[in-house]
Amino acid sequence: MSRLIGLASFSIMLAAGPCIAANEAAAPVSHEIEAQLDPASGGLLVTDILMVRGRTELAFRIAPWQAVESLLLDGQPADARDAAGIWRLPLPDAGAHRAELRLRGVVPPLPPGDWRDASPSAVSGAEGSYLSGYSGWIPVTEDDWTAYRLTVEVPAPYRAVATGRLEKEVFGESMNRASFAADYPAEPPALFAGPYTVRERQQDGIRLRTYFHPELEELSAGYLDDAGRYLRRYQEQIGPYPFRDFHIISSPLPVGLGFANLTYIGRMVLPLPFMRGRSLAHEVLHNWWGNGVAPDYAAGNWSEGLTTYMADYALAAEEGADKALEMRLAWLRNYAALPSDRDMPVTAFTSKRHDAGQVIGYDKVAFIFHMFRNELGEAGFAEGLRQFWQRQRFRVAGWAELRRAFEESAGRDLGWFFEQWLARAGAPRFELVDAVASEHDGAFRLTLKLRQDAPAYRLTVPLAVDTESGRESRQILLEGAETTATLEFETRPVAVHVDPDHDLFRRLLPGEAPPILRDVTLAPDTLTVIAGKDAAVTDLANRLAGRLLDMPERSGPAEHPELLSVPLLIIGLTGAVESLLERADLPGVPESLAGKGTARVWTAHRPGDAHLLVVAADDIAALEALLRPLPHYGGKSYLVFEGRRAVDIGTWPVAQSPLSRSLAR
Ligand SMILES: [Zn+2]
């Protein structure tokens, strides 16, 4: 589902699309729009009066399905040239002018059936209409921002809603009209319509609404409650909500899109519990990060990672420290599974088109904000964010502006932090070389030596030290290739754990994280080995491997898997699998799983650094039953199935982290 939600800033992304040369120092165009839309047929009639000033040409584009019916300049018929989809209307001088366009067209129909990968910018059907601001349903100019007033009329009982402040509604027998305005810098208006039931609530001067398809009506109160709670939270943390309304609109499309003052979510996902939790919080927060301050895409998109950190991660942290740790560890594992040729600096991230984008632009950036908050302290972090918001509200801002706001609020140079985390691809990797405890005249000392790979990072490394009187938290500064630090204690230290809660973005060491299915299924060089020679088993095993693996399947010689130091996926019936593991001198069935259920799936470390994933089913039917459910458990270490049902699921405990050390007396 995160893929859907990842489209959140899709509307902003399209802003970078049209290549129209900027008109320097021209005042942004304002629009006065009247629209008539029939959702069922897609028929759309638009009159748009554009007020322009400070330019000698008005350049714009319109959607290919829209036609210009008439064009008046200062009340007189005018001619615009259409070249390669860009219309150019020469203006007599750089003074104030009024261009009036009348457009008519038919919005493309909703795609039929179960489509997933298209991201249409304009569609319409009986179940709803969606017209993105950049689709060209009105003339789109080169301006970063615009101002507009929009009145839209739809046949009753349809309801229409758009980005911008809701000004007026008129309900007629055959028509419903609604007017919206944006007199602050805004993107071109996005327009939505559908057979909606509308519910409303006022909170702190903000109008909250749901526009839901009738079958979702009973979900409305819960959505309004939660949206209100999130709005209040972010107002307290960052600053006043920059808009007057917030709408949650149900979509016939399987999307999760965020716009200024509204979110547009597939009617199929609205009933799912996670939608009202982290996903809704994420979309609400985009009103500050993304739509309130727009990221400077050319310099890297910081808004997804910051939104993930302050919404998704903050909600996990509220559930408990273990949930927060789980999320950080998942981010580190995802990064560890990213092949190095797909790694990139976070400044190269613009939007999520691939998994690599998710890992860098969401996970790594969110982790950078986690470390940054640890560096500044909670109060300093919050103050920097408030300053950034106050200065950049309704502007385009990049990492440089974020850095400046934080440096000014902290009163110190933070260049080293931004340079090492933003400009470089990769992550630090360090080892605990030595840990020695000593005693002098009743005082206890612990001397630690840490070594890191080049290029070196400056890291404040958290430590947990177990002493005879309990656990103490300390930290040491790691700079350069190697650092030796001596710490003093009142009682004897007995063990040390370096970065025990995974607070640093770094490369996990072998053995530090328990192996999970994804370690094998995402690896580019995984080899599939089918145990036994039964044709039906081979066929099923190949189908299962095809569903599990990210990369095309490569099959290997069953006789000598022990010779290959690559990740192995072994699939077969229980007896054949057990004898193969024994023959190849690989770890056997874990005791905790032996004999349970109808099929067992587990990961294990192999000598060297490669992982092993074993699927052992008791018979053909038990193997076939895994085809659908198993691919959903990539983050787990082991599973026991009874038919299709996973009855025991878990992650292996970490026996001994290479960053933990017992201290000899
Ligand atoms: Zn987002």
# chains A, B, ... in the order shown; residues from 1 in each chain; ligands from 1
>>> residues_around(residues="range 161-176 of chain A", least_positions_apart="2", cutoff="10 Å", atoms="only C-alpha atoms", output="ChimeraX atom specification")
/A:36,130-133,147-159,178-184,186-194,207,211,243-247,249,259-263
>>> select_by_dssp(residues="range 493-608 of chain A", states="strand (DSSP E or B)", output="list of chain:residue names")
A:Pro493, A:Val494, A:Ala495, A:Val496, A:His497, A:Val498, A:Leu527, A:Thr528, A:Val529, A:Ile530, A:Ser555, A:Leu568, A:Leu569, A:Ile570, A:Ile571, A:Gly572, A:Leu573, A:Ala599, A:Arg600, A:Val601, A:Trp602, A:Thr603, A:Ala604, A:His605
>>> residues_around(residues="Leu508 in chain A", least_positions_apart="2", cutoff="8 Å", atoms="only C-alpha atoms", output="tab-separated table (two decimals) with N, CA and C atoms, in the first residue's frame")
chain	number	residue	atom	x	y	z
A	332	LEU	N	17.16	0.24	8.12
A	332	LEU	CA	18.54	-0.20	7.93
A	332	LEU	C	18.60	-1.48	7.11
A	333	ARG	N	17.67	-2.38	7.35
A	333	ARG	CA	17.65	-3.63	6.58
A	333	ARG	C	17.32	-3.36	5.13
A	336	ALA	N	20.37	-2.10	3.61
A	336	ALA	CA	21.35	-3.18	3.44
A	336	ALA	C	21.00	-4.04	2.22
A	429	ARG	N	30.32	2.51	8.08
A	429	ARG	CA	30.37	1.14	8.58
A	429	ARG	C	31.50	1.12	9.58
A	506	ARG	N	23.73	3.37	9.36
A	506	ARG	CA	25.02	2.74	9.05
A	506	ARG	C	24.78	1.38	8.43
A	510	PRO	N	27.65	-8.20	9.61
A	510	PRO	CA	27.15	-9.57	9.53
A	510	PRO	C	26.82	-10.08	10.94
A	512	GLU	N	24.65	-8.95	12.89
A	512	GLU	CA	24.05	-7.96	13.77
A	512	GLU	C	22.53	-7.98	13.70
A	513	ALA	N	22.03	-8.27	12.52
A	513	ALA	CA	20.58	-8.34	12.37
A	513	ALA	C	20.23	-9.77	11.98
>>> closest_residue(among="A:Leu272, A:Met310, A:Leu208, A:Pro109", to="ligand 1", atoms="only C-alpha atoms and all ligand atoms")
A:Met310
>>> residues_around(residues="Pro90 in chain A", least_positions_apart="4", cutoff="10 Å", atoms="only C-alpha atoms", output="JSON, numbers by chain")
{"A": [55, 56, 57, 58, 59, 73, 78, 79, 80, 81]}
>>> residues_around(residues="Phe349 in chain A", least_positions_apart="4", cutoff="9 Å", atoms="only C-alpha atoms", output="number ranges by chain")
A: 297, 299-302, 344-345, 357, 360-361
>>> write_last_selection(atoms="C-alpha atoms", output="PDB file, in the first residue's frame")
ATOM      1  CA  TYR A 297      13.324  19.350  -6.581  1.00  0.00           C
ATOM      2  CA  ALA A 299      18.338  20.200  -5.042  1.00  0.00           C
ATOM      3  CA  GLY A 300      16.661  17.062  -3.684  1.00  0.00           C
ATOM      4  CA  ASN A 301      13.262  16.391  -2.139  1.00  0.00           C
ATOM      5  CA  TRP A 302      13.480  16.608   1.654  1.00  0.00           C
ATOM      6  CA  MET A 344      22.538   7.562  -4.547  1.00  0.00           C
ATOM      7  CA  PRO A 345      22.967  10.721  -2.459  1.00  0.00           C
ATOM      8  CA  GLY A 357      13.693   5.952  -4.202  1.00  0.00           C
ATOM      9  CA  ILE A 360      16.804   6.733  -0.036  1.00  0.00           C
ATOM     10  CA  GLY A 361      14.164   9.457  -0.214  1.00  0.00           C
TER      11      GLY A 361
END
>>> residues_around(residues="Asp204 in chain A", least_positions_apart="5", cutoff="12 Å", atoms="only C-alpha atoms", output="number ranges by chain")
A: 228-229, 231-232, 235, 240-241, 243-245
>>> write_last_selection(atoms="N, CA, C and O atoms", output="compact mmCIF listing (two decimals), in the first residue's frame")
# COMPACT_ATOMS: atom_id res chain seq x y z
N GLY A 228 -8.69 15.72 12.59
CA GLY A 228 -8.68 16.85 13.54
C GLY A 228 -7.55 16.72 14.54
O GLY A 228 -6.87 17.70 14.87
N ARG A 229 -7.34 15.52 15.03
CA ARG A 229 -6.27 15.28 15.99
C ARG A 229 -4.90 15.56 15.37
O ARG A 229 -4.04 16.21 15.96
N LEU A 231 -4.23 17.48 12.75
CA LEU A 231 -4.09 18.91 12.46
C LEU A 231 -3.64 19.66 13.72
O LEU A 231 -2.73 20.49 13.68
N ARG A 232 -4.27 19.33 14.84
CA ARG A 232 -3.94 20.00 16.09
C ARG A 232 -2.49 19.73 16.47
O ARG A 232 -1.75 20.63 16.86
N GLN A 235 -0.12 21.67 14.17
CA GLN A 235 -0.19 23.11 14.45
C GLN A 235 0.66 23.42 15.68
O GLN A 235 1.38 24.42 15.69
N PRO A 240 0.68 27.49 12.64
CA PRO A 240 -0.72 27.41 12.22
C PRO A 240 -0.88 26.70 10.87
O PRO A 240 -0.08 26.91 9.96
N TYR A 241 -1.92 25.92 10.78
CA TYR A 241 -2.31 25.27 9.51
C TYR A 241 -2.50 26.37 8.47
O TYR A 241 -3.17 27.38 8.74
N PHE A 243 -4.13 26.62 5.71
CA PHE A 243 -5.34 26.71 4.90
C PHE A 243 -6.57 26.81 5.79
O PHE A 243 -6.48 26.73 7.01
N ARG A 244 -7.75 26.96 5.17
CA ARG A 244 -8.99 27.09 5.92
C ARG A 244 -9.80 25.81 5.97
O ARG A 244 -10.69 25.66 6.78
N ASP A 245 -9.53 24.91 5.01
CA ASP A 245 -10.30 23.67 4.92
C ASP A 245 -9.35 22.48 4.87
O ASP A 245 -8.20 22.62 4.47
>>> closest_residue(among="A:Ser657, A:Thr447, A:Thr347, A:Gln420", to="Gly398 in chain A", atoms="only C-alpha atoms")
A:Thr347
>>> closest_atom_pairs(of="range 445-485 of chain A", to="range 411-419 of chain A", cutoff="10 Å", atoms="only C-alpha atoms", output="CSV")
residue,atom,partner,partner_atom,distance
A:Tyr457,CA,A:Phe417,CA,9.0
A:Arg458,CA,A:Phe417,CA,7.9
A:Leu459,CA,A:Phe417,CA,9.2
>>> write_last_selection(atoms="C-alpha atoms", output="CSV table (one decimal), in the first residue's frame")
chain,number,residue,atom,x,y,z
A,457,TYR,CA,31.9,10.2,9.1
A,458,ARG,CA,31.7,12.3,12.2
A,459,LEU,CA,29.4,10.3,14.5
>>> residues_around(residues="Phe505 in chain A", least_positions_apart="6", cutoff="8 Å", atoms="only C-alpha atoms", output="VMD selection string")
chain A and resid 332 364 367 to 368 371 427 to 428
>>> write_last_selection(atoms="N, CA, C and O atoms", output="CSV table (one decimal), in the first residue's frame")
chain,number,residue,atom,x,y,z
A,332,LEU,N,17.2,0.2,8.1
A,332,LEU,CA,18.5,-0.2,7.9
A,332,LEU,C,18.6,-1.5,7.1
A,332,LEU,O,19.5,-1.7,6.3
A,364,LYS,N,16.1,6.7,4.3
A,364,LYS,CA,17.3,7.3,4.7
A,364,LYS,C,17.1,8.8,5.2
A,364,LYS,O,17.7,9.2,6.2
A,367,PHE,N,15.7,8.8,8.5
A,367,PHE,CA,16.8,8.5,9.5
A,367,PHE,C,17.7,9.6,9.8
A,367,PHE,O,18.1,9.9,10.9
A,368,ILE,N,18.0,10.4,8.7
A,368,ILE,CA,18.9,11.6,8.9
A,368,ILE,C,18.2,12.6,9.8
A,368,ILE,O,18.9,13.1,10.7
A,371,MET,N,18.7,11.3,13.4
A,371,MET,CA,20.0,11.6,13.9
A,371,MET,C,20.2,13.1,14.2
A,371,MET,O,20.8,13.6,15.2
A,427,ALA,N,26.8,4.8,3.4
A,427,ALA,CA,26.6,4.9,4.8
A,427,ALA,C,27.9,4.5,5.5
A,427,ALA,O,28.7,3.7,5.0
A,428,PRO,N,28.1,5.0,6.8
A,428,PRO,CA,29.3,4.6,7.5
A,428,PRO,C,29.1,3.1,7.9
A,428,PRO,O,28.1,2.6,8.0
>>> atom_distance(atom1="CA of Ala348 in chain A", atom2="CA of Leu280 in chain A")
26.8 Å
>>> closest_residue(among="A:Ala40, A:Ala227, A:Leu285, A:Leu253", to="ligand 1", atoms="only C-alpha atoms and all ligand atoms")
A:Leu285
>>> atom_distance(atom1="CA of Ala94 in chain A", atom2="CA of Ala27 in chain A")
10.3 Å
